[in-house]
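**Student:** My structure is stored as coords-v2.pdb, with PDB, C-alpha atoms and all ligand atoms.
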```
ATOM      1  CA  SER A   1     -29.590-111.613-199.951
ATOM      2  CA  ASP A   2     -30.334-114.101-202.727
ATOM      3  CA  SER A   3     -30.444-112.732-206.283
ATOM      4  CA  ASP A   4     -33.607-111.011-207.539
ATOM      5  CA  PRO A   5     -36.262-113.025-209.384
ATOM      6  CA  LEU A   6     -36.879-112.357-213.090
ATOM      7  CA  GLN A   7     -40.479-113.639-213.064
ATOM      8  CA  ASP A   8     -43.453-113.723-210.678
ATOM      9  CA  PHE A   9     -42.485-117.123-209.313
ATOM     10  CA  CYS A  10     -40.480-120.205-210.135
ATOM     11  CA  VAL A  11     -41.665-123.089-207.997
ATOM     12  CA  GLY A  12     -38.644-125.352-207.691
ATOM     13  CA  ASP A  13     -38.561-128.636-209.553
ATOM     14  CA  LEU A  14     -36.626-130.619-206.960
ATOM     15  CA  LYS A  15     -36.314-133.604-209.288
ATOM     16  CA  SER A  16     -33.977-131.543-211.504
ATOM     17  CA  SER A  17     -30.462-130.697-210.342
ATOM     18  CA  PRO A  18     -30.012-127.225-208.870
ATOM     19  CA  SER A  19     -28.366-124.896-211.385
ATOM     20  CA  ILE A  20     -26.159-121.858-210.636
ATOM     21  CA  ASN A  21     -28.805-120.408-208.339
ATOM     22  CA  GLY A  22     -31.680-122.525-207.105
ATOM     23  CA  PHE A  23     -33.765-125.048-208.977
ATOM     24  CA  PRO A  24     -35.330-124.957-212.453
ATOM     25  CA  CYS A  25     -39.009-123.903-212.454
ATOM     26  CA  LYS A  26     -41.569-126.689-212.420
ATOM     27  CA  SER A  27     -44.549-126.627-214.757
ATOM     28  CA  GLY A  28     -48.154-127.133-213.665
ATOM     29  CA  VAL A  29     -48.176-124.858-210.619
ATOM     30  CA  SER A  30     -51.225-124.792-208.318
ATOM     31  CA  SER A  31     -52.288-123.098-205.071
ATOM     32  CA  SER A  32     -50.804-125.868-202.957
ATOM     33  CA  ASP A  33     -47.322-124.891-204.179
ATOM     34  CA  PHE A  34     -47.565-121.644-202.175
ATOM     35  CA  PHE A  35     -48.706-123.014-198.800
ATOM     36  CA  PHE A  36     -46.770-125.024-196.240
ATOM     37  CA  SER A  37     -47.104-126.121-192.597
ATOM     38  CA  LEU A  38     -44.244-125.377-190.200
ATOM     39  CA  GLY A  39     -45.551-128.217-188.052
ATOM     40  CA  GLY A  40     -45.595-128.431-184.290
ATOM     41  CA  PRO A  41     -45.860-129.227-181.578
ATOM     42  CA  LEU A  42     -42.468-130.827-182.257
ATOM     43  CA  ASN A  43     -40.849-133.601-180.239
ATOM     44  CA  THR A  44     -37.937-132.026-178.354
ATOM     45  CA  SER A  45     -36.684-135.121-176.501
ATOM     46  CA  ASN A  46     -33.133-135.092-177.829
ATOM     47  CA  PRO A  47     -29.783-134.182-176.235
ATOM     48  CA  ASN A  48     -30.101-130.446-177.037
ATOM     49  CA  GLY A  49     -33.786-130.228-176.137
ATOM     50  CA  VAL A  50     -34.478-128.397-179.376
ATOM     51  CA  THR A  51     -36.063-129.291-182.712
ATOM     52  CA  VAL A  52     -36.083-127.172-185.868
ATOM     53  CA  SER A  53     -38.726-127.551-188.559
ATOM     54  CA  PRO A  54     -37.442-125.744-191.658
ATOM     55  CA  ALA A  55     -39.424-124.162-194.469
ATOM     56  CA  ASN A  56     -36.678-123.668-197.042
ATOM     57  CA  VAL A  57     -36.566-124.398-200.768
ATOM     58  CA  LEU A  58     -35.896-128.088-200.095
ATOM     59  CA  THR A  59     -39.042-128.591-197.990
ATOM     60  CA  PHE A  60     -41.177-125.834-199.566
ATOM     61  CA  PRO A  61     -40.204-125.493-203.252
ATOM     62  CA  GLY A  62     -42.547-122.507-203.699
ATOM     63  CA  LEU A  63     -39.765-120.458-202.050
ATOM     64  CA  ASN A  64     -37.435-121.038-205.014
ATOM     65  CA  THR A  65     -36.013-117.689-206.297
ATOM     66  CA  LEU A  66     -37.909-115.674-203.651
ATOM     67  CA  GLY A  67     -34.966-115.117-201.281
ATOM     68  CA  LEU A  68     -36.944-116.132-198.198
ATOM     69  CA  SER A  69     -37.253-118.996-195.728
ATOM     70  CA  MET A  70     -38.456-119.629-192.176
ATOM     71  CA  ASN A  71     -37.977-122.083-189.307
ATOM     72  CA  ASN A  72     -40.193-123.215-186.467
ATOM     73  CA  VAL A  73     -37.863-123.780-183.486
ATOM     74  CA  GLU A  74     -39.225-125.482-180.365
ATOM     75  CA  PHE A  75     -37.396-125.901-177.067
ATOM     76  CA  ALA A  76     -37.881-128.146-174.039
ATOM     77  CA  PRO A  77     -37.250-126.359-170.715
ATOM     78  CA  GLY A  78     -33.490-125.695-170.644
ATOM     79  CA  GLY A  79     -33.149-126.582-174.345
ATOM     80  CA  VAL A  80     -30.295-125.025-176.329
ATOM     81  CA  ASN A  81     -30.109-124.333-180.050
ATOM     82  CA  PRO A  82     -26.312-124.679-180.247
ATOM     83  CA  PRO A  83     -23.969-122.018-181.638
ATOM     84  CA  HIS A  84     -24.266-121.909-185.431
ATOM     85  CA  SER A  85     -24.061-119.501-188.346
ATOM     86  CA  HIS A  86     -25.903-119.057-191.633
ATOM     87  CA  PRO A  87     -23.478-118.313-194.475
ATOM     88  CA  ARG A  88     -26.137-117.027-196.868
ATOM     89  CA  ALA A  89     -28.633-115.054-194.760
ATOM     90  CA  SER A  90     -29.347-112.662-191.944
ATOM     91  CA  GLU A  91     -31.932-113.991-189.508
ATOM     92  CA  ALA A  92     -34.913-112.317-187.839
ATOM     93  CA  GLY A  93     -36.818-114.185-185.144
ATOM     94  CA  ILE A  94     -39.814-113.749-182.897
ATOM     95  CA  VAL A  95     -40.579-115.569-179.665
ATOM     96  CA  ILE A  96     -44.096-117.038-179.819
ATOM     97  CA  GLU A  97     -44.038-118.799-176.465
ATOM     98  CA  GLY A  98     -41.749-118.943-173.426
ATOM     99  CA  SER A  99     -38.651-116.969-172.492
ATOM    100  CA  VAL A 100     -35.463-117.355-174.445
ATOM    101  CA  TYR A 101     -31.910-116.086-173.934
ATOM    102  CA  VAL A 102     -30.853-115.089-177.456
ATOM    103  CA  GLY A 103     -27.299-114.122-178.357
ATOM    104  CA  PHE A 104     -24.942-113.526-181.269
ATOM    105  CA  LEU A 105     -21.194-112.888-181.442
ATOM    106  CA  THR A 106     -19.381-110.369-183.570
ATOM    107  CA  THR A 107     -16.187-111.166-185.436
ATOM    108  CA  ASN A 108     -14.439-109.382-182.503
ATOM    109  CA  ASN A 109     -16.018-111.854-180.042
ATOM    110  CA  THR A 110     -18.400-109.347-178.491
ATOM    111  CA  LEU A 111     -21.581-111.034-177.271
ATOM    112  CA  PHE A 112     -24.887-109.224-177.769
ATOM    113  CA  SER A 113     -27.639-110.996-175.832
ATOM    114  CA  LYS A 114     -30.972-110.592-174.101
ATOM    115  CA  VAL A 115     -33.753-112.683-172.568
ATOM    116  CA  ILE A 116     -36.900-112.096-174.629
ATOM    117  CA  THR A 117     -40.484-113.349-174.336
ATOM    118  CA  ALA A 118     -43.600-113.755-176.503
ATOM    119  CA  GLY A 119     -44.008-110.975-179.062
ATOM    120  CA  GLU A 120     -40.389-109.806-178.876
ATOM    121  CA  MET A 121     -38.047-110.222-181.826
ATOM    122  CA  PHE A 122     -34.327-110.333-182.525
ATOM    123  CA  VAL A 123     -31.972-110.140-185.459
ATOM    124  CA  VAL A 124     -28.724-111.910-186.280
ATOM    125  CA  PRO A 125     -26.520-110.287-188.930
ATOM    126  CA  ARG A 126     -25.532-112.593-191.782
ATOM    127  CA  GLY A 127     -22.868-115.144-191.022
ATOM    128  CA  LEU A 128     -22.455-114.361-187.315
ATOM    129  CA  VAL A 129     -22.426-117.158-184.735
ATOM    130  CA  HIS A 130     -25.571-117.220-182.582
ATOM    131  CA  PHE A 131     -27.545-119.462-180.221
ATOM    132  CA  GLN A 132     -30.732-119.577-178.154
ATOM    133  CA  TRP A 133     -31.438-121.059-174.720
ATOM    134  CA  ASN A 134     -34.855-121.656-173.182
ATOM    135  CA  VAL A 135     -34.415-120.162-169.701
ATOM    136  CA  GLY A 136     -38.034-120.808-168.666
ATOM    137  CA  GLN A 137     -39.598-123.732-166.792
ATOM    138  CA  VAL A 138     -41.930-124.506-169.722
ATOM    139  CA  LYS A 139     -41.530-125.067-173.440
ATOM    140  CA  ALA A 140     -40.479-122.197-175.691
ATOM    141  CA  ARG A 141     -41.046-121.550-179.371
ATOM    142  CA  LEU A 142     -39.509-119.197-181.935
ATOM    143  CA  ILE A 143     -40.300-118.481-185.543
ATOM    144  CA  THR A 144     -37.253-117.370-187.523
ATOM    145  CA  ALA A 145     -37.028-115.864-191.003
ATOM    146  CA  PHE A 146     -34.103-115.594-193.429
ATOM    147  CA  ASN A 147     -33.343-113.557-196.535
ATOM    148  CA  SER A 148     -32.329-116.660-198.468
ATOM    149  CA  GLN A 149     -34.286-119.612-199.814
ATOM    150  CA  LEU A 150     -31.557-121.841-198.322
ATOM    151  CA  PRO A 151     -29.555-119.994-195.635
ATOM    152  CA  GLY A 152     -27.390-122.997-194.744
ATOM    153  CA  ALA A 153     -26.217-123.648-191.195
ATOM    154  CA  ALA A 154     -22.721-124.383-189.928
ATOM    155  CA  VAL A 155     -23.462-125.861-186.486
ATOM    156  CA  LEU A 156     -20.168-125.509-184.624
ATOM    157  CA  PRO A 157     -20.202-128.660-182.437
ATOM    158  CA  SER A 158     -21.167-131.004-185.265
ATOM    159  CA  THR A 159     -18.990-129.211-187.835
ATOM    160  CA  LEU A 160     -15.923-129.592-185.611
ATOM    161  CA  PHE A 161     -16.568-132.919-183.872
ATOM    162  CA  GLY A 162     -19.047-134.731-186.114
ATOM    163  CA  SER A 163     -17.627-134.300-189.617
ATOM    164  CA  PHE A 164     -17.105-137.141-192.064
ATOM    165  CA  PRO A 165     -14.291-137.783-192.575
ATOM    166  CA  GLU A 166     -13.165-136.613-189.133
ATOM    167  CA  ILE A 167     -10.915-133.612-188.540
ATOM    168  CA  PRO A 168      -7.589-135.123-187.346
ATOM    169  CA  ASN A 169      -7.187-135.107-183.534
ATOM    170  CA  ALA A 170      -3.876-133.276-183.945
ATOM    171  CA  VAL A 171      -5.804-130.305-185.347
ATOM    172  CA  LEU A 172      -8.446-130.335-182.626
ATOM    173  CA  THR A 173      -6.131-130.930-179.630
ATOM    174  CA  LYS A 174      -3.903-128.035-180.755
ATOM    175  CA  THR A 175      -6.885-125.811-181.580
ATOM    176  CA  PHE A 176      -8.556-126.325-178.211
ATOM    177  CA  ARG A 177      -5.283-126.677-176.230
ATOM    178  CA  THR A 178      -6.466-130.007-174.893
ATOM    179  CA  ASP A 179      -5.777-133.752-175.147
ATOM    180  CA  ASP A 180      -6.904-136.731-177.235
ATOM    181  CA  LYS A 181      -9.161-138.017-174.454
ATOM    182  CA  THR A 182     -11.219-134.831-174.440
ATOM    183  CA  VAL A 183     -11.371-134.650-178.224
ATOM    184  CA  ASN A 184     -12.366-138.327-178.527
ATOM    185  CA  ASN A 185     -15.076-137.827-175.937
ATOM    186  CA  LEU A 186     -16.514-134.898-177.895
ATOM    187  CA  LYS A 187     -16.244-136.807-181.181
ATOM    188  CA  SER A 188     -18.166-139.700-179.649
ATOM    189  CA  LYS A 189     -21.080-137.354-178.866
ATOM    190  CA  PHE A 190     -21.279-135.822-182.336
ATOM    191  CA  ALA A 191     -20.331-138.792-184.534
ATOM    192  CA  ALA A 192     -21.771-138.337-188.044
TER     193      ALA A 192
HETATM  194  C1  LIG A 201     -32.324-120.101-185.165
HETATM  195  O1  LIG A 201     -31.224-119.620-184.912
HETATM  196  C2  LIG A 201     -32.610-120.633-186.472
HETATM  197  O2  LIG A 201     -31.640-120.727-187.252
HETATM  198  O3  LIG A 201     -33.775-120.945-186.779
HETATM  199 MN    MN A 202     -29.984-119.443-186.753
END
```
Since I need it in another form, could you write the structure as structure tokens?

**Tutor:**
Amino acid sequence: SDSDPLQDFCVGDLKSSPSINGFPCKSGVSSSDFFFSLGGPLNTSNPNGVTVSPANVLTFPGLNTLGLSMNNVEFAPGGVNPPHSHPRASEAGIVIEGSVYVGFLTTNNTLFSKVITAGEMFVVPRGLVHFQWNVGQVKARLITAFNSQLPGAAVLPSTLFGSFPEIPNAVLTKTFRTDDKTVNNLKSKFAA
């Protein structure tokens, strides 16, 4: 959903400041500007058991003005890509390996979800909260694609409990109908 390009390409010059939309075009473009490795296998030993390797305009400047980006998402057994939303893009994904419970939520809090395996794909409409969970006994891997060069991600747990500066406890205890102890515990896990 990014704006349409007005030239064949405009490889981003990341050393210049982004202007209204994207980066200025760099000069001296070569083949290597249009190729990129999504990496892997990725190390998934972290609390969520998931690691995302992004190919967006910041890592792959050849995407500048093209309205596209992709992620390689790898999961340990049981790994969870936590609930998040992309303000600037719809998402399409395909499972390459493993079996993954994929879900998104509408603005009416209806959950649409399914367990999918290699070769099966899913979509997430722009801006809606979604997550994935590796329900298999072995690693799982997804490739996702976005109609934005920089879809952005609001990751709910870290947005709410790991912001800097912090959201005041009074807001979070009231919001979640809980106490300071619970909120402080969550903040300690997601500290910025
Ligand atoms: C998965 O939801 C991703 O954003 O890559
Ligand atoms: Mn996503």

**Student:** Give as a list in words the residues that the PyMOL selection byres (((chain A and resi 115-125) around 6) and not hetatm) matches when applied to the coordinates above.

**Tutor:**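 Expected selection for the PyMOL selection byres (((chain A and resi 115-125) around 6) and not hetatm) here is Ser90, Glu91, Ala92, Gly93, Ile94, Val95, Ile96, Glu97, Gly98, Ser99, Val100, Tyr101, Lys114, Arg126 and Leu128 of chain A.
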
**Student:** Could you pull the residues within 6 Å of A:Lys26, counting all atoms listed in the file, minus those fewer than 5 positions along the same chain, as a PyMOL selection string?

**Tutor:** chain A and resi 11-13

**Student:** Expand the PyMOL selection byres (((chain A and resi 56) around 9) and not hetatm) into the explicit residue set it covers here, and present it as a list of chain:residue names.

**Tutor:**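 Those residues are A:Pro54, A:Ala55, A:Val57, A:Leu58, A:Thr59, A:Phe60, A:Pro61, A:Gly62, A:Leu63, A:Asn64, A:Leu68, A:Ser69, A:Met70, A:Asn71, A:Ser148, A:Gln149, A:Leu150, A:Pro151.
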
**Student:** Within 12 Å of (-32.7, -135.3, -180.7), in the coordinates the file gives, what residues turn up when you count only C-alpha atoms, written out as number ranges by chain?

**Tutor:** A: 42-52, 74-76, 79-81, 189-190

**Student:** Would you name the residues within 6 Å of ligand LIG 201 (chain A), counting only C-alpha atoms and all ligand atoms, and put them as a ChimeraX atom specification?

**Tutor:** /A:71,73,131,144

**Student:** Please produce an output containing C-alpha atoms for each residue in the selection, written as a PDB file, in the frame of the given file.

**Tutor:**
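Full text of selection.pdb as output:
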```pdb
ATOM      1  CA  ASN A  71     -37.977-122.083-189.307  1.00  0.00           C
ATOM      2  CA  VAL A  73     -37.863-123.780-183.486  1.00  0.00           C
ATOM      3  CA  PHE A 131     -27.545-119.462-180.221  1.00  0.00           C
ATOM      4  CA  THR A 144     -37.253-117.370-187.523  1.00  0.00           C
TER       5      THR A 144
END
```

**Student:** Can you tell me how far atom CA of A:Ser37 sits from atom CA of A:Gly78, in Å to one decimal?

**Tutor:**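 A separation of 25.8 Å between them.
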
**Student:** Just want the 12 Å neighbourhood of stretch 161-173 of chain A, counted on all atoms listed in the file, with same-chain residues fewer than 6 positions away dropped. Output as a list in words.

**Tutor:**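 Contacts, in chain order: Ala154, Val155, Asp179, Asp180, Lys181, Thr182, Val183, Asn184, Asn185, Leu186, Lys187, Ser188, Lys189, Phe190, Ala191 and Ala192 of chain A.
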
**Student:** Name the residues, using the chain letters and numbers of the file, that sit within 6 Å of (-26.6, -121.9, -192.3) when counting only C-alpha atoms, and give them as a list in words.

**Tutor:**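 Residues with an atom close enough to that point: Ser85, His86, Pro87, Pro151, Gly152, Ala153 and Ala154 of chain A.
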
**Student:** Taking into account all atoms listed in the file, which residue in the set A:Pro5, A:Gly127, A:Pro18, A:Gly40 is nearest to ligand MN 202 (chain A)?

**Tutor:** A:Gly127

**Student:** Using all atoms listed in the file, which of the listed residues (A:Pro83, A:Gly28, A:Gly22, A:Gly39) sits closest to ligand MN 202 (chain A)?

**Tutor:** A:Pro83

**Student:** My list of candidates is A:Pro157, A:Pro82, A:Thr178, A:Pro77. Which is closest to ligand MN 202 (chain A) when distances are computed with all atoms listed in the file?

**Tutor:** A:Pro82

**Student:** The PyMOL selection byres (((chain A and resi 21) around 10) and not hetatm) - which residues does that actually catch in the file I just gave you? List them as JSON, numbers by chain.

**Tutor:** {"A": [2, 3, 18, 19, 20, 22, 23, 24, 64, 65]}

**Student:** Could you write out the selected residues, including C-alpha atoms, as a PDB file, in the frame of the given file?

**Tutor:**
```
ATOM      1  CA  ASP A   2     -30.334-114.101-202.727  1.00  0.00           C
ATOM      2  CA  SER A   3     -30.444-112.732-206.283  1.00  0.00           C
ATOM      3  CA  PRO A  18     -30.012-127.225-208.870  1.00  0.00           C
ATOM      4  CA  SER A  19     -28.366-124.896-211.385  1.00  0.00           C
ATOM      5  CA  ILE A  20     -26.159-121.858-210.636  1.00  0.00           C
ATOM      6  CA  GLY A  22     -31.680-122.525-207.105  1.00  0.00           C
ATOM      7  CA  PHE A  23     -33.765-125.048-208.977  1.00  0.00           C
ATOM      8  CA  PRO A  24     -35.330-124.957-212.453  1.00  0.00           C
ATOM      9  CA  ASN A  64     -37.435-121.038-205.014  1.00  0.00           C
ATOM     10  CA  THR A  65     -36.013-117.689-206.297  1.00  0.00           C
TER      11      THR A  65
END
```

**Student:** Work out how far apart atom CA of A:Lys139 and atom CA of A:Val102 are and give it in Å to one decimal.

**Tutor:** 15.2 Å

**Student:** As an exercise, work out the distance from atom CA of A:Pro41 to atom CA of A:Asn134 in Å and give it to one decimal place.

**Tutor:**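 Distance reported for this atom pair: 15.8 Å.
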